[in-house]
Amino acid sequence: MRSTSALLVDAALVTAGSIGAILLRDNIELGAPWAHQHTAYVIVTGLVSLPALAFTGSNRSIWRFNRLQDYLRVAAAMLLIAAGTAMVIFAYNRLDGIPRSIPILQFMIGTFALVGTRVIARIWFDYRRQRDGVRALQMPEPRNQRTVLLIGLTDVTEMYLRLASEQSLAQVRIAGILGRSERQVGRLVGAYAVLGQPEQVADIVRQLSTHGVFVDAIVVTVPLPSLSSAARTALAELKESTAIEVVTLTAMLGLEPPDRGTRSDPANRLGALLTSGAPADDVTFQIDEQSLAHLANRPYWLAKRTLDIVLAAVLLLVLSPVIALVAIVVAVDCGLPLVFWQQRPGLAGLPFRLLKFRTMGAAHAFDGRKLHDSERLSWVGKLLRRTRADELPQLINILAGEMSFVGPRPLLPVDQSPSFRARLMVRPGLTGWAQVVGGRTISADDKAALDVWYVQNAALALDVSIIARTIGVVVFGEHVHANLVQKAWQELQSTGTYRGASQSRRVVPASAAAKPIERAVA
């Protein structure tokens, strides 16, 4: 089913679910008064459902490959639909004649309908697969951490994704999938997007690099002879001209030795450095085992994560009209897609996709000329950046546990020095101490010092202060507080966390240098 058709089917299911909610609330009583009171509500539901489903990407998933992430995406879409519909109707007639329980019933029935259809599709697909005698594959645990781009969209691909997710943990990271046809592009297989077709592999690799995703290996899950000559040629050129490994599934299964060759660019291996530690001579900030244990056992991390979940859910609900308005402005100013993402190192250096509304137009003019960033950024984009409205989608990152409201800002992998990996001990934040004290003008060393100082001093009062200061930065602009920057350096040096080049360094185990002190609380 194409994504446009899926969008219309989902919208129809949501609308039907809303009718069911109204009938259930009114004990299935029909008539002219019913139609007069509730017709507007049903129509608004259908209209609101289209942008809400498109914004959350619920319509883009391939039903037979749905997983928990897709069902959570559906629930988020229904939350926006129920809240958006109620707000529109309230603005129109203050919900006159509409019981207050209708939005709740609408959310419950709509979520059940959308999830139910996907579960049925998944069950039917599994039944057909078993009927056809498809056998599960066994894969050994991979030995090296790598970022993988998959070519092929088959049952074998899905099995590989399941095994990579369940057995490989952070050792294999899936950059995306190249499908066999144009109609699959833009769809989702679980949490992974179909980025293009095999013939476009070189362009896809370059595009991923602009998002901070550096591909280490390309895994082909279909027989090579089944690929077009153009696709095979593109793979051969990549293998010859880059350090990217191109392997077949048999090599990944260990039936033939993979071609290790020359390793990738150092930027590709940065994720491993962040989690396994750098040489001691490169360490600028380090926390000893005793202090690390004390920080890790602080009850504030659980309270902080709980507050993040509650506040993110409330703000997504309350700000849904603002998010919709910004999405419309972005669509008019920049076009589609509405959201731009970049892979950034998060808690413990594990990568995640940082979401932002687009603020820049296309990279090339109509005549093919490459545009400078200043030409791509309109006054609308500048306003969105100035007011931080472009960062509203990061509420989803916070709700998913990838970010927090307060913490060190996530950097691009190439900017995240292994020397500063101590800042990765907590979840990255929507705002942070370095942003409100120093802003963009201070050096990378000063920012890292402020971030590590926050790691050691995080508390509710400090987080509230940072949020209050952030409001001031948005309204009045950035201001460097040199005294607070100096204070951070002095305290880090007095505690032994910072050790200058002139001082002897005490070697700290790599596990203590990069171990996260926050727990993964759902």
# chains A, B, ... in the order shown; residues from 1 in each chain; ligands from 1
>>> residues_around(residues="A:Leu355", least_positions_apart="4", cutoff="9 Å", atoms="only C-alpha atoms", output="PDB file with N, CA, C and O atoms, in the first residue's frame")
ATOM      1  N   VAL A 339      10.706  18.155   8.381  1.00  0.00           N
ATOM      2  CA  VAL A 339      11.663  17.923   9.464  1.00  0.00           C
ATOM      3  C   VAL A 339      13.014  17.522   8.896  1.00  0.00           C
ATOM      4  O   VAL A 339      13.103  16.704   7.978  1.00  0.00           O
ATOM      5  N   PHE A 340      14.068  18.115   9.453  1.00  0.00           N
ATOM      6  CA  PHE A 340      15.449  17.775   9.108  1.00  0.00           C
ATOM      7  C   PHE A 340      16.038  17.024  10.289  1.00  0.00           C
ATOM      8  O   PHE A 340      15.760  17.346  11.450  1.00  0.00           O
ATOM      9  N   TRP A 341      16.824  15.995  10.018  1.00  0.00           N
ATOM     10  CA  TRP A 341      17.453  15.246  11.106  1.00  0.00           C
ATOM     11  C   TRP A 341      18.945  15.109  10.871  1.00  0.00           C
ATOM     12  O   TRP A 341      19.419  15.120   9.744  1.00  0.00           O
ATOM     13  N   GLN A 342      19.655  14.983  11.972  1.00  0.00           N
ATOM     14  CA  GLN A 342      21.081  14.715  11.944  1.00  0.00           C
ATOM     15  C   GLN A 342      21.408  13.708  13.031  1.00  0.00           C
ATOM     16  O   GLN A 342      20.861  13.772  14.133  1.00  0.00           O
ATOM     17  N   ASP A 390      12.323  26.073  15.734  1.00  0.00           N
ATOM     18  CA  ASP A 390      12.740  24.958  14.882  1.00  0.00           C
ATOM     19  C   ASP A 390      13.078  23.717  15.692  1.00  0.00           C
ATOM     20  O   ASP A 390      13.169  22.616  15.145  1.00  0.00           O
ATOM     21  N   GLU A 391      13.235  23.865  17.022  1.00  0.00           N
ATOM     22  CA  GLU A 391      13.607  22.734  17.858  1.00  0.00           C
ATOM     23  C   GLU A 391      12.410  22.070  18.531  1.00  0.00           C
ATOM     24  O   GLU A 391      12.580  21.170  19.353  1.00  0.00           O
ATOM     25  N   LEU A 392      11.198  22.477  18.188  1.00  0.00           N
ATOM     26  CA  LEU A 392      10.000  21.869  18.776  1.00  0.00           C
ATOM     27  C   LEU A 392       9.920  20.355  18.553  1.00  0.00           C
ATOM     28  O   LEU A 392       9.486  19.622  19.453  1.00  0.00           O
ATOM     29  N   PRO A 393      10.319  19.819  17.380  1.00  0.00           N
ATOM     30  CA  PRO A 393      10.271  18.357  17.214  1.00  0.00           C
ATOM     31  C   PRO A 393      11.146  17.596  18.201  1.00  0.00           C
ATOM     32  O   PRO A 393      10.975  16.384  18.368  1.00  0.00           O
ATOM     33  N   GLN A 394      12.083  18.279  18.870  1.00  0.00           N
ATOM     34  CA  GLN A 394      12.928  17.583  19.830  1.00  0.00           C
ATOM     35  C   GLN A 394      12.157  17.172  21.083  1.00  0.00           C
ATOM     36  O   GLN A 394      12.674  16.403  21.908  1.00  0.00           O
ATOM     37  N   LEU A 395      10.924  17.648  21.231  1.00  0.00           N
ATOM     38  CA  LEU A 395      10.063  17.116  22.288  1.00  0.00           C
ATOM     39  C   LEU A 395       9.844  15.621  22.098  1.00  0.00           C
ATOM     40  O   LEU A 395       9.694  14.872  23.070  1.00  0.00           O
ATOM     41  N   ILE A 396       9.827  15.178  20.843  1.00  0.00           N
ATOM     42  CA  ILE A 396       9.706  13.746  20.558  1.00  0.00           C
ATOM     43  C   ILE A 396      10.973  13.017  20.984  1.00  0.00           C
ATOM     44  O   ILE A 396      10.915  11.916  21.547  1.00  0.00           O
ATOM     45  N   ASN A 397      12.145  13.616  20.736  1.00  0.00           N
ATOM     46  CA  ASN A 397      13.405  13.033  21.214  1.00  0.00           C
ATOM     47  C   ASN A 397      13.399  12.886  22.734  1.00  0.00           C
ATOM     48  O   ASN A 397      13.878  11.878  23.269  1.00  0.00           O
TER      49      ASN A 397
END
>>> residues_around(residues="stretch 57-69 of chain A", least_positions_apart="4", cutoff="8 Å", atoms="only C-alpha atoms", output="number ranges by chain")
A: 1, 3-4, 6-7, 10, 53, 73-74, 77, 118-119, 121-123, 125, 158, 186-191
>>> residues_around(residues="A:Asn93", least_positions_apart="3", cutoff="12 Å", atoms="only C-alpha atoms", output="list in words")
Gln37, His38, Ala40, Tyr41, Ala86, Met87, Val88, Ile89, Phe90, Asp96, Gly97 and Ile98 of chain A
>>> write_last_selection(atoms="N, CA, C and O atoms", output="PDB file, in the first residue's frame")
ATOM      1  N   GLN A  37     -25.395  18.181  16.004  1.00  0.00           N
ATOM      2  CA  GLN A  37     -24.421  18.459  17.050  1.00  0.00           C
ATOM      3  C   GLN A  37     -23.024  17.945  16.708  1.00  0.00           C
ATOM      4  O   GLN A  37     -22.023  18.553  17.074  1.00  0.00           O
ATOM      5  N   HIS A  38     -22.964  16.805  16.016  1.00  0.00           N
ATOM      6  CA  HIS A  38     -21.687  16.102  15.908  1.00  0.00           C
ATOM      7  C   HIS A  38     -21.067  16.097  14.509  1.00  0.00           C
ATOM      8  O   HIS A  38     -19.924  15.642  14.360  1.00  0.00           O
ATOM      9  N   ALA A  40     -19.970  18.557  12.644  1.00  0.00           N
ATOM     10  CA  ALA A  40     -18.782  19.412  12.592  1.00  0.00           C
ATOM     11  C   ALA A  40     -17.592  18.733  13.264  1.00  0.00           C
ATOM     12  O   ALA A  40     -16.453  18.804  12.776  1.00  0.00           O
ATOM     13  N   TYR A  41     -17.840  18.039  14.370  1.00  0.00           N
ATOM     14  CA  TYR A  41     -16.757  17.361  15.083  1.00  0.00           C
ATOM     15  C   TYR A  41     -16.131  16.273  14.216  1.00  0.00           C
ATOM     16  O   TYR A  41     -14.898  16.133  14.157  1.00  0.00           O
ATOM     17  N   ALA A  86     -10.367  18.794  19.496  1.00  0.00           N
ATOM     18  CA  ALA A  86     -11.036  19.431  20.635  1.00  0.00           C
ATOM     19  C   ALA A  86     -10.754  20.930  20.669  1.00  0.00           C
ATOM     20  O   ALA A  86     -11.653  21.740  20.943  1.00  0.00           O
ATOM     21  N   MET A  87      -9.519  21.327  20.372  1.00  0.00           N
ATOM     22  CA  MET A  87      -9.172  22.745  20.405  1.00  0.00           C
ATOM     23  C   MET A  87      -9.858  23.526  19.299  1.00  0.00           C
ATOM     24  O   MET A  87     -10.323  24.656  19.508  1.00  0.00           O
ATOM     25  N   VAL A  88      -9.932  22.936  18.100  1.00  0.00           N
ATOM     26  CA  VAL A  88     -10.601  23.618  16.987  1.00  0.00           C
ATOM     27  C   VAL A  88     -12.088  23.804  17.290  1.00  0.00           C
ATOM     28  O   VAL A  88     -12.655  24.892  17.094  1.00  0.00           O
ATOM     29  N   ILE A  89     -12.734  22.739  17.764  1.00  0.00           N
ATOM     30  CA  ILE A  89     -14.166  22.820  18.067  1.00  0.00           C
ATOM     31  C   ILE A  89     -14.418  23.768  19.234  1.00  0.00           C
ATOM     32  O   ILE A  89     -15.411  24.511  19.258  1.00  0.00           O
ATOM     33  N   PHE A  90     -13.501  23.766  20.211  1.00  0.00           N
ATOM     34  CA  PHE A  90     -13.654  24.685  21.348  1.00  0.00           C
ATOM     35  C   PHE A  90     -13.578  26.138  20.873  1.00  0.00           C
ATOM     36  O   PHE A  90     -14.339  27.004  21.332  1.00  0.00           O
ATOM     37  N   ASP A  96     -19.913  23.116  22.385  1.00  0.00           N
ATOM     38  CA  ASP A  96     -21.340  23.110  22.699  1.00  0.00           C
ATOM     39  C   ASP A  96     -21.977  21.815  22.198  1.00  0.00           C
ATOM     40  O   ASP A  96     -21.926  21.490  21.007  1.00  0.00           O
ATOM     41  N   GLY A  97     -22.574  21.066  23.108  1.00  0.00           N
ATOM     42  CA  GLY A  97     -23.237  19.813  22.765  1.00  0.00           C
ATOM     43  C   GLY A  97     -22.310  18.625  22.655  1.00  0.00           C
ATOM     44  O   GLY A  97     -22.764  17.511  22.378  1.00  0.00           O
ATOM     45  N   ILE A  98     -21.005  18.836  22.858  1.00  0.00           N
ATOM     46  CA  ILE A  98     -20.034  17.745  22.765  1.00  0.00           C
ATOM     47  C   ILE A  98     -19.620  17.350  24.180  1.00  0.00           C
ATOM     48  O   ILE A  98     -19.007  18.155  24.894  1.00  0.00           O
TER      49      ILE A  98
END
>>> residues_around(residues="A:Val473", least_positions_apart="6", cutoff="10 Å", atoms="only C-alpha atoms", output="list of chain:residue names")
A:Arg386, A:Thr387, A:Gln435, A:Val436, A:Val437, A:Gly439, A:Ile467, A:His479
>>> atom_distance(atom1="atom CA of A:Tyr498", atom2="atom CA of A:Trp301")
23.5 Å
>>> closest_residue(among="A:Val455, A:Pro337, A:Ala331, A:Asn483", to="A:Leu292", atoms="only C-alpha atoms")
A:Val455
>>> select_by_dssp(residues="stretch 360-425 of chain A", states="helix (DSSP H, G or I)", output="list of chain:residue names")
A:Asp373, A:Ser374, A:Glu375, A:Arg376, A:Trp379, A:Val380, A:Gly381, A:Lys382, A:Leu383, A:Leu384, A:Arg385, A:Arg386, A:Ala389, A:Asp390, A:Glu391, A:Gln394, A:Leu395, A:Ile396, A:Asn397, A:Ile398, A:Leu399, A:Pro418, A:Ser419, A:Phe420, A:Arg421, A:Ala422, A:Arg423, A:Leu424, A:Met425
